[in-house]
Structures are given as structure tokens and as C-alpha cells.
Amino acid sequence: MKIVYHLFRFLCLAAFIFGLNNSEIAAQAAEPKPTLAKITPEPKPTGDATLPAIETEKIEVSAENNSSRISLHRVGIQTAQPISLSLNEAIRKALENNNSIEVSRDDVRFQETQLRSLTGAYDTVLSLTPNYTRSSNTGSNASNDLRLDAGINKLFKRGGGSFNTFFNNSQTGNNSRGNTNFNQTSGLGTSSSTTFFSNLGVNFTQPLFRNFGVDNTRRQIKIQRKRLQQSDADFRRQAIDVISQVQRAYWDLVFALRNQQNQSANVNLARENLRQINVRIDVGVAAPLARAEVETELANREGELLSATQQVSITENTLKTLLLRDANAPEWTQTYVPTDAPVYSDEPIIVEDAIKDAFDNRPELRRLRLQRETNAIDIDYFKNQTKPRIDLVSSVSLGGLSLGNQNTAGGTIPQFTGNEEILRQKLNTLFAPNAQIPNPDITFPGVSPFFNGGSFQAFRNIFRTDAPTYSVGITFEIPFRNTTAKANLAGARIQQQQTEANTRAQEQTVVAEVRNAVQAVETARQRVLTARRARANAEIQLEGERRLFEVGRSTTFLLFQRENALTNARNAEIRAETDYNKSLSDLQRASSTTFRINNIEVDSPMPDDDN
């Protein structure tokens with residue numbers, strides 16, 4: 001009898017358990033399965049893929065005896081009108097607005113102005129010097145002098161020669177009193193009170209040994225051209241660095257948004273789990289304590305979602321710092337929505353080609369090459385300064401003279417006048433009439449017509465052929481020791497050796513950076529493949545664990561572990577994809593192919609023309 005009683009109780013218990021399982025399965029079948037985060041398809045290497053829209057500004061979580069609301073609204077950001085932004089648009093904005101690039105660009109412009117300033121030494125210079133002087137001494141009439149001097153000076157690029165033309169005019173009062181230019185008027189016997197002078201000529205100096213091939217002016221211009229090219233190399237390096245930073249910040253923002261999307265999906269999954277637990281509690285197949293476990297997991301996931309949202313703001317602000325010029329720009333209050341998805345390619349990177357590109361294009365190596373050329377200019381100049389100085393000095397001038405208002409007709413005057421006439425008359429009183437001293441008239445000629453006139457006549461007299469002046473000479477300067485030039489030459493050679501050592505060190509650094517960048521690309525590529533396998537397996541594991549949970553063969557703890565593992569696997573996948581794209585940008589920077597790959601053209605400064 002006892003056996004029958006125990007058998008009856010066992011059948012009743014089995015029927016009760018079977019009924020509960022059927023009700024649980026029916027409840028599960030009636031409810032839709034939780035929506036998982038959308039799996040981003042593997043992007044194609046064309047770069048045309050766009051990110052799905054991410055709408056996670058507000059997530060509401062409500063359950064029995066628990067109601068909470070988390071807001072993903074970011075402080076100071078308006079999400080009504082988001083700004084779509086591609087990677088190419090971000091690079092363009094950075095090139096136009098980035099303050100670091102603008103500083104480097106202005107440095108190039110400044111160096112151009114310095115070069116133009118030095119080349120101004122070869123400008124033709126016209127000089128005019130008018131001067132009026134009035135001087136007087138006690139007991140003499142005042143002297144009025146008027147001078148107008150003009151000249152043209154010119155320095156030649158080739159050969160280092162120079163010439164200056166001069167045209168001098170002067171007017172001197174009181175019959176040449178105080179005149180120091182032309183003293184031949186003292187023998188003209190003129191009574192004119194004004195004398196006019198004009199002088200026209202050319203002086204030419206040509207170095208024949210020292211300063212013939214190169215002088216300090218030409219040296220400074222050549223060096224400034226190298227400095228200009230160095231500043232251009234610095235600008236290119238700064239632009240490449242900024243573009244690389246923009247690329248990294250862009251992909252960091254892509255990752256942050258996709259991570260926020262995954263965390264949002266994980267929160268929604270926890271919310272769905274909470275709803276299912278509440279149903280089980282209501283039907284009596286789960287203890288109320290299970291709700292606390294799910295709510296704890298939900299709170300943890302909400303915290304991770306908030307951290308992901310904060311990371312979106314951090315990465316977006318980093319990108320805005322690179323793209324915006326002004327701290328008060330309105331885009332600071334708007335949100336960026338990247339439109340480019342990470343690209344992936346199985347094409348291998350050839351290390352040798354990347355190193356060759358780096359050696360050909362790296363701005364640091366170009367700057368050092370320009371420094372070597374600058375040292376060569378210094379060596380040539382200081383070597384030239386150790387030579388003796390031999391200069392050809394020559395001049396040609398024409399002088400014109402006029403004497404003001406002169407008598408050109410001539411006339412007669414007595415032979416004796418004044419005291420001489422008084423003496424002659426006294427002597428004649430002592431002589432017989434036929435022996436007296438006569439006083440005949442003496443005829444004198446007039447002043448030549450070309451002397452008669454003012455300043456214009458003196459100017460016309462310049463071109464007469466009877467007053468040319470020629471001068472040809474050589475200047476020798478032979479230093480006995482020339483210590484300064486020899487010391488400067490030795491110092492320039494030492495600097496050349498230092499530059500060569502710096503170049504070798506920089507080349508080693510470049511090789512190491514390129515090799516590391518290529519290895520980083522290859523590692524990131526393999527990480528993408530492994531992360532995709534891990535994510536696919538995590539999806540399979542979660543699906544299996546959920547089926548076990550639905551039939552009562554698993555626990556919420558194990559289910560949460562599988563859900564978190566899938567979220568981590570998805571994040572690892574998108575992190576690997578973004579790291580792969582960031583490693584490509586690092587390789588572009590290391591090999592200095594950023595401009596070529598992104599179709600960017602940089603204008604060069606003034607041409608290198610030392611002639």
C-alpha cells in the first residue's frame with residue numbers, strides 16, 4: 001500500500017513539473033527574443049561604406065519594483081542637427097583651420113619675406129642730394145653755394161661687381177670762393193661772381209679673386225633659400241602629423257560610437273532579461289531573488305554605457321580640437337556623425353618599398369639634406385675668404401664748367417692804370433718830350449662762348465670731348481695669416497661632419513619607424529581576422545546558452561557571462577578594425593606618403609634660383 005501511495009505522489013509531482021515547464025516554454029514563445037546589437041558586416045576595402053545611424057541618446061529601463069532612467073545626453077551638445085563627416089572632409093577641415101598648420105604655414109611665408117629682403121641688395125638705387133650753403137667771413141662778401149648731386153648704384157649677382165653713376169652740379173658765388181671741386185678757375189681772370197660746375201661719370205669695381213665666385217651677400221641669399229625650403233619641410237611634416245592625428249581621432253570616434261552602440265544593445269538585452277525574470281516570478285517558477293541578480297547586471301551595463309558615452313565626448317572633442325580654428329566656433333555644440341567605416345585589405349605591405357618612400361619623402365631627411373647643402377655653401381664661402389683680395393677699380397667721368405655772364409666780344413684797355421699810370425706821369429716830367437713813356441691801348445679777346453652761361457651751359461659742356469677723365473687701378477689686399485677665415489672654414493667643416501652624423505642617426509630612426517609601422521599593420525590585420533572568429537564563436541555560444549536557459553538547464557549567471565563575452569568580442573572586433581586603420585595612417589606618416597594617398601597637393605615656396 002505504501003508503494004502505491006509513493007508512486008501516486010511521484011506521478012503527481014511529475015505532472016506538476018511538466019505543466020510548469022510547458023507554461024514557461026509557452027511564455028517564452030509568446031515573448032519576442034531580445035534584439036541583439038546589429039553586427040556590422042565586414043567592410044569592403046573601397047572605403048565607401050557608411051556607419052549605421054546610432055540612436056542611443058535615451059534608454060529607459062523599467063521593471064516591477066524598479067524604475068530608472070539614464071540619459072545619454074552629452075553636456076553642451078545639440079543632437080537635433082548632427083554634422084555628417086567623412087574622413088576626407090575631416091582632413092580638409094584640418095588643413096584649412098588647424099592652428100598648428102597655420103603657424104607652420106606662416107613661418108614659410110615669413111621666410112619668403114626674409115629671402116625677398118636679401119635679394120633686395122641687387123635692386124637699382126637712385127639717389128638725389130640737393131644742398132644749399134651760404135657762408136660769410138668778416139670783411140668779405142658772402143658765398144652762396146648750390147649743389148644738386150644724383151647717382152645710380154647697382155650690385156651685380158654674377159661676379160660680385162658693382163657700379164655707381166654720379167651726376168654732380170654745383171653753383172659757387174664770389175668767383176669760386178670756397179670751391180673745392182674745380183680750382184682751375186683761378187687762372188681765367190674772370191670777373192664773374194658765379195661759377196657753375198657739372199660732373200658726370202661711372203665708377204666700377206670688380207673682384208678678381210676673393211668674392212668673385214661667392215661673396216657674403218650671395219652666401220646669405222643661398223642660405224636663406226635653404227632655410228625657406230627647410231621651413232617648407234617643417235610645414236609638410238606638421239601637416240602630415242596633423243593629418244595622422246585627424247585620422248586616428250576620426251577612427252577613435254568611430255570606435256567610440258560603435259562601442260556605445262554595443263553597450264546600448266547590451267543594456268537593452270539586460271532589460272529584456274529582466275522582463276523575462278519578472279514573468280517567471282509572476283508564474284512562480286523563479287524566486288524573487290533572481291530579480292536582484294538581473295537588476296545588478298543591468299546597473300553594471302548601464303554604467304558601462306555611460307562610460308562609453310563619455311568616451312564619445314572625449315574623442316569627439318579631440319577631433320574638434322584638430323578641425324576647428326576658434327574656441328567659440330558653433331560646431332563645438334554640434335555632434336559629428338562619421339560616415340566612413342573602417343576599411344580592411346589583405347594586400348601585404350612591402351617593407352623595402354615603404355622604406356624607399358620614407359627616404360624619398362620624409363621631411364626630416366629633407367631638412368638634413370638641406371642642412372648639408374647649407375654647410376657646403378659656408379665651406380665654399382669661407383674657403384673663398386682665405387684667398388687674397390684683388391679688385392679691379394675703374395672710373396670714367398666728364399666735367400663741364402661755365403662762368404656766368406661773361407664778355408665774349410673782347411675790347412681795349414690802357415697798358416698802365418691806377419698807381420702805374422701815376423708813376424708813368426711822374427717819370428715823364430723828368431724826360432724830354434721825345435723820350436717820354438707812352439700809355440698805349442691794349443686789345444684783349446673775349447671769353448670763349450662755351451664758357452658763357454649758367455647751369456645748363458655747364459651741363460652742355462659735359463659732352464665736349466676736351467674734358468674726359470679716366471682712371472684704372474687694382475687693389476691688392478693680402479693678409480699674412482687670415483686667422484678668422486681659416487677658423488670659420490674649420491668650423492663649417494665640423495658642422496658638416498655633425499650634420500652627416502645626424503643624417504645617419506635620423507635614417508636609422510626612419511628605418512625603425514617604418515619597420516615598426518609595417519609590423520603594426522600586419523599585426524592589426526591578423527587581429528581583425530582573429531577578432532571576427534572570436535565574435536562569431538561568441539554568438540554561437542550565446543545562442544546555445546540561451547536555449548539551455550530557456551529549458552531550465554542554465555542559469556542567469558552563465559547567460560550574463562555569455563552576453564558580456566559577446567559584447568566584449570564585438571568591441572574587440574571593432575577595436576581591431578579601427579586599430580588596423582590607425583596603423584595604416586601611422587604607416588602613411590612613417591613613410592611620408594600621406595599627401596599622395598590622400599590626394600593632397602602642397603604648393604612649394606619661391607623657386608630655388610641662385611643665379
# chains A, B, ... in the order shown; residues from 1 in each chain; ligands from 1
>>> residues_around(residues="stretch 387-404 of chain A", least_positions_apart="3", cutoff="7 Å", atoms="only C-alpha atoms", output="PyMOL selection string")
chain A and resi 192+194-210+384+451-454+457-459+461-462+467-479
>>> select_by_dssp(residues="stretch 366-444 of chain A", states="strand (DSSP E)", output="list in words")
Arg389, Ile390, Asp391, Leu392, Val393, Ser394, Ser395, Val396, Ser397, Leu398, Gly399, Gly400, Leu401, Ser402, Gly411, Thr412, Ile413, Pro414, Asp441, Ile442, Thr443 and Phe444 of chain A
>>> write_last_selection(atoms="all heavy atoms", output="short mmCIF file (atom, residue, chain, number, x, y, z; two decimals), in the first residue's frame")
data_model
loop_
_atom_site.label_atom_id
_atom_site.label_comp_id
_atom_site.auth_asym_id
_atom_site.auth_seq_id
_atom_site.Cartn_x
_atom_site.Cartn_y
_atom_site.Cartn_z
N ARG A 389 92.76 89.42 -51.67
CA ARG A 389 91.79 90.28 -52.33
C ARG A 389 92.47 91.03 -53.47
O ARG A 389 93.46 91.73 -53.27
CB ARG A 389 91.19 91.28 -51.34
CG ARG A 389 90.23 92.27 -51.98
CD ARG A 389 89.78 93.33 -50.98
NE ARG A 389 88.96 94.34 -51.61
CZ ARG A 389 88.57 95.47 -51.03
NH1 ARG A 389 88.94 95.71 -49.76
NH2 ARG A 389 87.84 96.34 -51.67
N ILE A 390 91.93 90.87 -54.67
CA ILE A 390 92.42 91.60 -55.85
C ILE A 390 91.19 92.15 -56.56
O ILE A 390 90.39 91.39 -57.12
CB ILE A 390 93.23 90.69 -56.80
CG1 ILE A 390 94.41 90.05 -56.06
CG2 ILE A 390 93.72 91.47 -58.00
CD1 ILE A 390 95.19 89.08 -56.91
N ASP A 391 91.03 93.46 -56.54
CA ASP A 391 89.87 94.12 -57.13
C ASP A 391 90.30 95.06 -58.24
O ASP A 391 91.30 95.80 -58.10
CB ASP A 391 89.09 94.93 -56.08
CG ASP A 391 88.47 94.03 -55.03
OD1 ASP A 391 88.43 92.80 -55.26
OD2 ASP A 391 88.02 94.57 -53.99
N LEU A 392 89.57 95.03 -59.34
CA LEU A 392 89.75 95.98 -60.42
C LEU A 392 88.87 97.19 -60.13
O LEU A 392 87.66 97.06 -59.94
CB LEU A 392 89.36 95.36 -61.76
CG LEU A 392 89.35 96.31 -62.96
CD1 LEU A 392 90.76 96.81 -63.26
CD2 LEU A 392 88.75 95.62 -64.19
N VAL A 393 89.52 98.37 -60.10
CA VAL A 393 88.80 99.61 -59.80
C VAL A 393 88.97 100.55 -60.99
O VAL A 393 90.11 100.83 -61.40
CB VAL A 393 89.32 100.27 -58.51
CG1 VAL A 393 88.55 101.54 -58.22
CG2 VAL A 393 89.22 99.31 -57.34
N SER A 394 87.91 101.04 -61.54
CA SER A 394 87.97 101.92 -62.70
C SER A 394 86.89 102.97 -62.61
O SER A 394 85.87 102.78 -61.93
CB SER A 394 87.81 101.11 -64.00
OG SER A 394 86.55 100.47 -64.02
N SER A 395 87.14 104.08 -63.31
CA SER A 395 86.16 105.16 -63.35
C SER A 395 86.34 105.96 -64.63
O SER A 395 87.45 106.07 -65.17
CB SER A 395 86.29 106.08 -62.13
OG SER A 395 87.53 106.75 -62.15
N VAL A 396 85.26 106.50 -65.12
CA VAL A 396 85.23 107.39 -66.28
C VAL A 396 84.32 108.54 -65.92
O VAL A 396 83.20 108.33 -65.42
CB VAL A 396 84.71 106.67 -67.54
CG1 VAL A 396 84.64 107.63 -68.71
CG2 VAL A 396 85.58 105.48 -67.88
N SER A 397 84.79 109.78 -66.14
CA SER A 397 83.97 110.95 -65.81
C SER A 397 84.19 112.05 -66.82
O SER A 397 85.22 112.13 -67.50
CB SER A 397 84.31 111.47 -64.40
OG SER A 397 85.64 111.93 -64.34
N LEU A 398 83.20 112.91 -66.93
CA LEU A 398 83.23 114.08 -67.80
C LEU A 398 82.85 115.29 -66.96
O LEU A 398 81.90 115.22 -66.16
CB LEU A 398 82.25 113.93 -68.97
CG LEU A 398 82.49 112.75 -69.93
CD1 LEU A 398 81.34 112.64 -70.92
CD2 LEU A 398 83.81 112.95 -70.67
N GLY A 399 83.60 116.41 -67.14
CA GLY A 399 83.33 117.61 -66.36
C GLY A 399 82.94 118.78 -67.26
O GLY A 399 83.45 118.94 -68.37
N GLY A 400 82.00 119.56 -66.79
CA GLY A 400 81.56 120.76 -67.51
C GLY A 400 81.66 121.98 -66.62
O GLY A 400 81.46 121.90 -65.41
N LEU A 401 81.98 123.14 -67.25
CA LEU A 401 82.19 124.38 -66.49
C LEU A 401 81.61 125.55 -67.26
O LEU A 401 81.72 125.62 -68.49
CB LEU A 401 83.70 124.61 -66.27
CG LEU A 401 84.13 125.93 -65.63
CD1 LEU A 401 83.67 126.02 -64.19
CD2 LEU A 401 85.64 126.09 -65.74
N SER A 402 80.96 126.47 -66.56
CA SER A 402 80.52 127.74 -67.14
C SER A 402 80.75 128.83 -66.11
O SER A 402 80.81 128.56 -64.90
CB SER A 402 79.04 127.68 -67.56
OG SER A 402 78.21 127.52 -66.43
N GLY A 411 87.84 143.71 -76.14
CA GLY A 411 87.91 145.18 -76.04
C GLY A 411 89.35 145.65 -75.85
O GLY A 411 90.29 144.88 -76.08
N THR A 412 89.51 146.95 -75.50
CA THR A 412 90.84 147.54 -75.29
C THR A 412 90.88 148.20 -73.93
O THR A 412 89.88 148.74 -73.45
CB THR A 412 91.15 148.59 -76.35
OG1 THR A 412 90.14 149.63 -76.33
CG2 THR A 412 91.18 147.96 -77.73
N ILE A 413 92.07 148.21 -73.32
CA ILE A 413 92.30 148.90 -72.06
C ILE A 413 93.69 149.52 -72.11
O ILE A 413 94.55 149.02 -72.84
CB ILE A 413 92.19 147.94 -70.87
CG1 ILE A 413 93.20 146.80 -71.01
CG2 ILE A 413 90.76 147.38 -70.72
CD1 ILE A 413 93.26 145.89 -69.80
N PRO A 414 93.93 150.62 -71.39
CA PRO A 414 95.28 151.22 -71.35
C PRO A 414 96.27 150.23 -70.73
O PRO A 414 95.90 149.42 -69.88
CB PRO A 414 95.11 152.48 -70.50
CG PRO A 414 93.63 152.77 -70.51
CD PRO A 414 92.96 151.45 -70.65
N ASP A 441 96.88 151.68 -75.84
CA ASP A 441 95.75 150.79 -75.55
C ASP A 441 96.10 149.35 -75.95
O ASP A 441 96.70 149.12 -77.02
CB ASP A 441 94.49 151.24 -76.30
CG ASP A 441 93.96 152.58 -75.75
OD1 ASP A 441 94.22 152.83 -74.56
OD2 ASP A 441 93.28 153.29 -76.50
N ILE A 442 95.73 148.45 -75.09
CA ILE A 442 95.99 147.01 -75.34
C ILE A 442 94.64 146.32 -75.63
O ILE A 442 93.68 146.45 -74.88
CB ILE A 442 96.66 146.34 -74.14
CG1 ILE A 442 98.02 147.02 -73.85
CG2 ILE A 442 96.84 144.84 -74.36
CD1 ILE A 442 98.68 146.50 -72.61
N THR A 443 94.58 145.59 -76.72
CA THR A 443 93.35 144.87 -77.12
C THR A 443 93.37 143.47 -76.47
O THR A 443 94.38 142.75 -76.52
CB THR A 443 93.27 144.73 -78.64
OG1 THR A 443 93.28 146.06 -79.22
CG2 THR A 443 92.02 143.98 -79.06
N PHE A 444 92.21 143.07 -75.85
CA PHE A 444 92.12 141.73 -75.24
C PHE A 444 90.92 140.99 -75.84
O PHE A 444 89.90 141.62 -76.15
CB PHE A 444 91.97 141.82 -73.71
CG PHE A 444 90.71 142.54 -73.26
CD1 PHE A 444 89.52 141.83 -73.06
CD2 PHE A 444 90.73 143.93 -73.06
CE1 PHE A 444 88.39 142.51 -72.65
CE2 PHE A 444 89.58 144.58 -72.65
CZ PHE A 444 88.41 143.89 -72.44
#
>>> residues_around(residues="A:Ile494", least_positions_apart="5", cutoff="12 Å", atoms="only C-alpha atoms", output="MDAnalysis selection string")
chainID A and resid 372 375:376 378:379 487:489 499:501
>>> closest_residue(among="A:Ser345, A:Gln495, A:Asn428, A:Asn168", to="A:Ala524", atoms="only C-alpha atoms")
A:Ser345
>>> residues_around(residues="A:Ile240", least_positions_apart="5", cutoff="10 Å", atoms="only C-alpha atoms", output="JSON, numbers by chain")
{"A": [95, 101, 234, 235, 245, 246, 362, 363, 585, 588, 589, 590, 592, 593, 594, 595]}
>>> write_last_selection(atoms="all heavy atoms", output="short mmCIF file (atom, residue, chain, number, x, y, z; two decimals), in the first residue's frame")
data_model
loop_
_atom_site.label_atom_id
_atom_site.label_comp_id
_atom_site.auth_asym_id
_atom_site.auth_seq_id
_atom_site.Cartn_x
_atom_site.Cartn_y
_atom_site.Cartn_z
N LEU A 95 43.33 70.92 -42.65
CA LEU A 95 44.29 71.68 -43.46
C LEU A 95 43.89 73.15 -43.55
O LEU A 95 44.75 74.03 -43.67
CB LEU A 95 44.39 71.08 -44.86
CG LEU A 95 45.02 69.68 -44.93
CD1 LEU A 95 44.97 69.16 -46.36
CD2 LEU A 95 46.46 69.70 -44.43
N ILE A 101 49.00 73.96 -38.11
CA ILE A 101 49.34 74.06 -39.54
C ILE A 101 49.45 75.51 -39.95
O ILE A 101 50.34 75.89 -40.73
CB ILE A 101 48.29 73.31 -40.37
CG1 ILE A 101 48.40 71.81 -40.12
CG2 ILE A 101 48.45 73.61 -41.85
CD1 ILE A 101 47.40 70.98 -40.92
N ASP A 234 59.40 71.63 -42.74
CA ASP A 234 58.76 71.62 -41.42
C ASP A 234 57.24 71.73 -41.55
O ASP A 234 56.49 71.09 -40.80
CB ASP A 234 59.30 72.77 -40.57
CG ASP A 234 60.76 72.59 -40.21
OD1 ASP A 234 61.26 71.44 -40.27
OD2 ASP A 234 61.43 73.60 -39.90
N PHE A 235 56.79 72.57 -42.49
CA PHE A 235 55.35 72.70 -42.71
C PHE A 235 54.75 71.38 -43.17
O PHE A 235 53.68 70.96 -42.70
CB PHE A 235 55.08 73.80 -43.73
CG PHE A 235 53.68 73.78 -44.28
CD1 PHE A 235 52.61 74.19 -43.51
CD2 PHE A 235 53.43 73.33 -45.57
CE1 PHE A 235 51.32 74.16 -44.01
CE2 PHE A 235 52.15 73.30 -46.08
CZ PHE A 235 51.09 73.72 -45.29
N GLN A 245 47.02 62.66 -36.92
CA GLN A 245 46.22 62.83 -35.70
C GLN A 245 44.73 62.86 -36.03
O GLN A 245 43.92 62.31 -35.28
CB GLN A 245 46.64 64.11 -34.98
CG GLN A 245 48.04 64.10 -34.43
CD GLN A 245 48.47 65.45 -33.88
OE1 GLN A 245 47.63 66.28 -33.54
NE2 GLN A 245 49.77 65.68 -33.80
N VAL A 246 44.38 63.53 -37.14
CA VAL A 246 42.97 63.56 -37.54
C VAL A 246 42.47 62.16 -37.86
O VAL A 246 41.37 61.76 -37.45
CB VAL A 246 42.79 64.50 -38.76
CG1 VAL A 246 41.39 64.36 -39.35
CG2 VAL A 246 43.03 65.94 -38.35
N ARG A 362 60.51 61.73 -46.50
CA ARG A 362 60.45 62.19 -45.11
C ARG A 362 60.98 63.61 -44.98
O ARG A 362 62.10 63.91 -45.39
CB ARG A 362 61.25 61.26 -44.20
CG ARG A 362 60.52 60.01 -43.80
CD ARG A 362 59.38 60.26 -42.83
NE ARG A 362 59.82 60.58 -41.51
CZ ARG A 362 59.86 59.72 -40.51
NH1 ARG A 362 59.48 58.48 -40.69
NH2 ARG A 362 60.27 60.10 -39.32
N PRO A 363 60.16 64.55 -44.43
CA PRO A 363 60.62 65.94 -44.28
C PRO A 363 61.86 66.08 -43.40
O PRO A 363 62.68 66.97 -43.64
CB PRO A 363 59.41 66.64 -43.65
CG PRO A 363 58.24 65.79 -44.01
CD PRO A 363 58.77 64.39 -44.03
N SER A 585 47.29 54.71 -41.10
CA SER A 585 47.64 56.14 -41.05
C SER A 585 49.03 56.34 -40.46
O SER A 585 49.78 57.22 -40.91
CB SER A 585 46.61 56.91 -40.22
OG SER A 585 46.67 56.53 -38.85
N GLN A 588 51.42 55.63 -43.20
CA GLN A 588 51.48 56.78 -44.12
C GLN A 588 52.40 57.86 -43.56
O GLN A 588 53.19 58.45 -44.29
CB GLN A 588 50.07 57.34 -44.34
CG GLN A 588 49.14 56.42 -45.10
CD GLN A 588 47.74 57.01 -45.20
OE1 GLN A 588 47.52 58.19 -44.96
NE2 GLN A 588 46.77 56.16 -45.55
N ARG A 589 52.28 58.11 -42.27
CA ARG A 589 53.13 59.13 -41.66
C ARG A 589 54.59 58.68 -41.66
O ARG A 589 55.49 59.47 -41.97
CB ARG A 589 52.67 59.42 -40.23
CG ARG A 589 53.46 60.50 -39.54
CD ARG A 589 53.10 60.59 -38.06
NE ARG A 589 53.34 59.33 -37.39
CZ ARG A 589 54.55 58.95 -36.96
NH1 ARG A 589 55.61 59.71 -37.16
NH2 ARG A 589 54.70 57.79 -36.35
N ALA A 590 54.84 57.41 -41.31
CA ALA A 590 56.23 56.94 -41.23
C ALA A 590 56.90 56.92 -42.60
O ALA A 590 58.08 57.23 -42.72
CB ALA A 590 56.26 55.54 -40.62
N SER A 592 55.83 58.81 -45.09
CA SER A 592 55.59 60.14 -45.65
C SER A 592 54.87 60.05 -46.99
O SER A 592 55.19 60.78 -47.94
CB SER A 592 56.91 60.91 -45.82
OG SER A 592 56.67 62.29 -45.98
N THR A 593 53.87 59.18 -47.06
CA THR A 593 53.04 59.06 -48.26
C THR A 593 51.63 59.60 -48.00
O THR A 593 50.72 59.32 -48.78
CB THR A 593 52.95 57.59 -48.69
OG1 THR A 593 52.47 56.80 -47.58
CG2 THR A 593 54.31 57.07 -49.12
N THR A 594 51.46 60.37 -46.95
CA THR A 594 50.13 60.88 -46.58
C THR A 594 49.53 61.73 -47.68
O THR A 594 48.36 61.59 -48.02
CB THR A 594 50.23 61.69 -45.27
OG1 THR A 594 50.80 60.86 -44.24
CG2 THR A 594 48.87 62.17 -44.83
N PHE A 595 50.33 62.65 -48.23
CA PHE A 595 49.82 63.53 -49.28
C PHE A 595 49.42 62.74 -50.52
O PHE A 595 48.37 63.00 -51.12
CB PHE A 595 50.86 64.58 -49.64
CG PHE A 595 51.20 65.53 -48.52
CD1 PHE A 595 52.45 66.11 -48.41
CD2 PHE A 595 50.25 65.84 -47.56
CE1 PHE A 595 52.75 66.98 -47.38
CE2 PHE A 595 50.53 66.71 -46.52
CZ PHE A 595 51.79 67.27 -46.43
#
>>> residues_around(residues="A:Ser117", least_positions_apart="6", cutoff="12 Å", atoms="only C-alpha atoms", output="number ranges by chain")
A: 110-111, 123, 217, 220-221, 224-225
>>> atom_distance(atom1="atom CA of A:Asp360", atom2="atom CA of A:Leu587")
14.7 Å
>>> residues_around(residues="A:Ala505", least_positions_apart="6", cutoff="12 Å", atoms="only C-alpha atoms", output="JSON, numbers by chain")
{"A": [364, 365, 368, 498, 499, 511, 512]}
>>> write_last_selection(atoms="N, CA and C atoms", output="PDB file, in the first residue's frame")
ATOM      1  N   GLU A 364      62.010  65.196 -42.392  1.00  0.00           N
ATOM      2  CA  GLU A 364      63.189  65.297 -41.536  1.00  0.00           C
ATOM      3  C   GLU A 364      64.467  65.036 -42.321  1.00  0.00           C
ATOM      4  N   LEU A 365      64.433  64.036 -43.210  1.00  0.00           N
ATOM      5  CA  LEU A 365      65.612  63.748 -44.027  1.00  0.00           C
ATOM      6  C   LEU A 365      65.853  64.865 -45.038  1.00  0.00           C
ATOM      7  N   LEU A 368      67.618  67.684 -43.287  1.00  0.00           N
ATOM      8  CA  LEU A 368      69.038  67.401 -43.078  1.00  0.00           C
ATOM      9  C   LEU A 368      69.816  67.507 -44.387  1.00  0.00           C
ATOM     10  N   GLN A 498      78.994  66.994 -38.302  1.00  0.00           N
ATOM     11  CA  GLN A 498      77.874  66.796 -37.378  1.00  0.00           C
ATOM     12  C   GLN A 498      76.581  66.518 -38.140  1.00  0.00           C
ATOM     13  N   THR A 499      76.364  67.247 -39.211  1.00  0.00           N
ATOM     14  CA  THR A 499      75.151  67.037 -39.999  1.00  0.00           C
ATOM     15  C   THR A 499      75.120  65.649 -40.609  1.00  0.00           C
ATOM     16  N   VAL A 511      64.141  54.111 -40.520  1.00  0.00           N
ATOM     17  CA  VAL A 511      64.033  52.685 -40.836  1.00  0.00           C
ATOM     18  C   VAL A 511      63.284  51.949 -39.721  1.00  0.00           C
ATOM     19  N   ALA A 512      63.631  52.244 -38.483  1.00  0.00           N
ATOM     20  CA  ALA A 512      62.965  51.581 -37.360  1.00  0.00           C
ATOM     21  C   ALA A 512      61.475  51.933 -37.323  1.00  0.00           C
TER      22      ALA A 512
END
>>> residues_around(residues="A:Ala354", least_positions_apart="4", cutoff="7 Å", atoms="only C-alpha atoms", output="list in words")
Ile350, Ala358, Val514 and Ser591 of chain A
>>> atom_distance(atom1="atom CA of A:Ser71", atom2="atom CA of A:Thr296")
18.4 Å
>>> closest_residue(among="A:Tyr381, A:Tyr336, A:Phe255, A:Tyr132", to="A:Lys486", atoms="only C-alpha atoms")
A:Tyr381
>>> closest_residue(among="A:Ser604, A:Thr374, A:Thr530, A:Asn599", to="A:Gln496", atoms="only C-alpha atoms")
A:Thr374
>>> closest_residue(among="A:Arg575, A:Arg525, A:Lys320, A:Arg369", to="A:Ile91", atoms="only C-alpha atoms")
A:Lys320
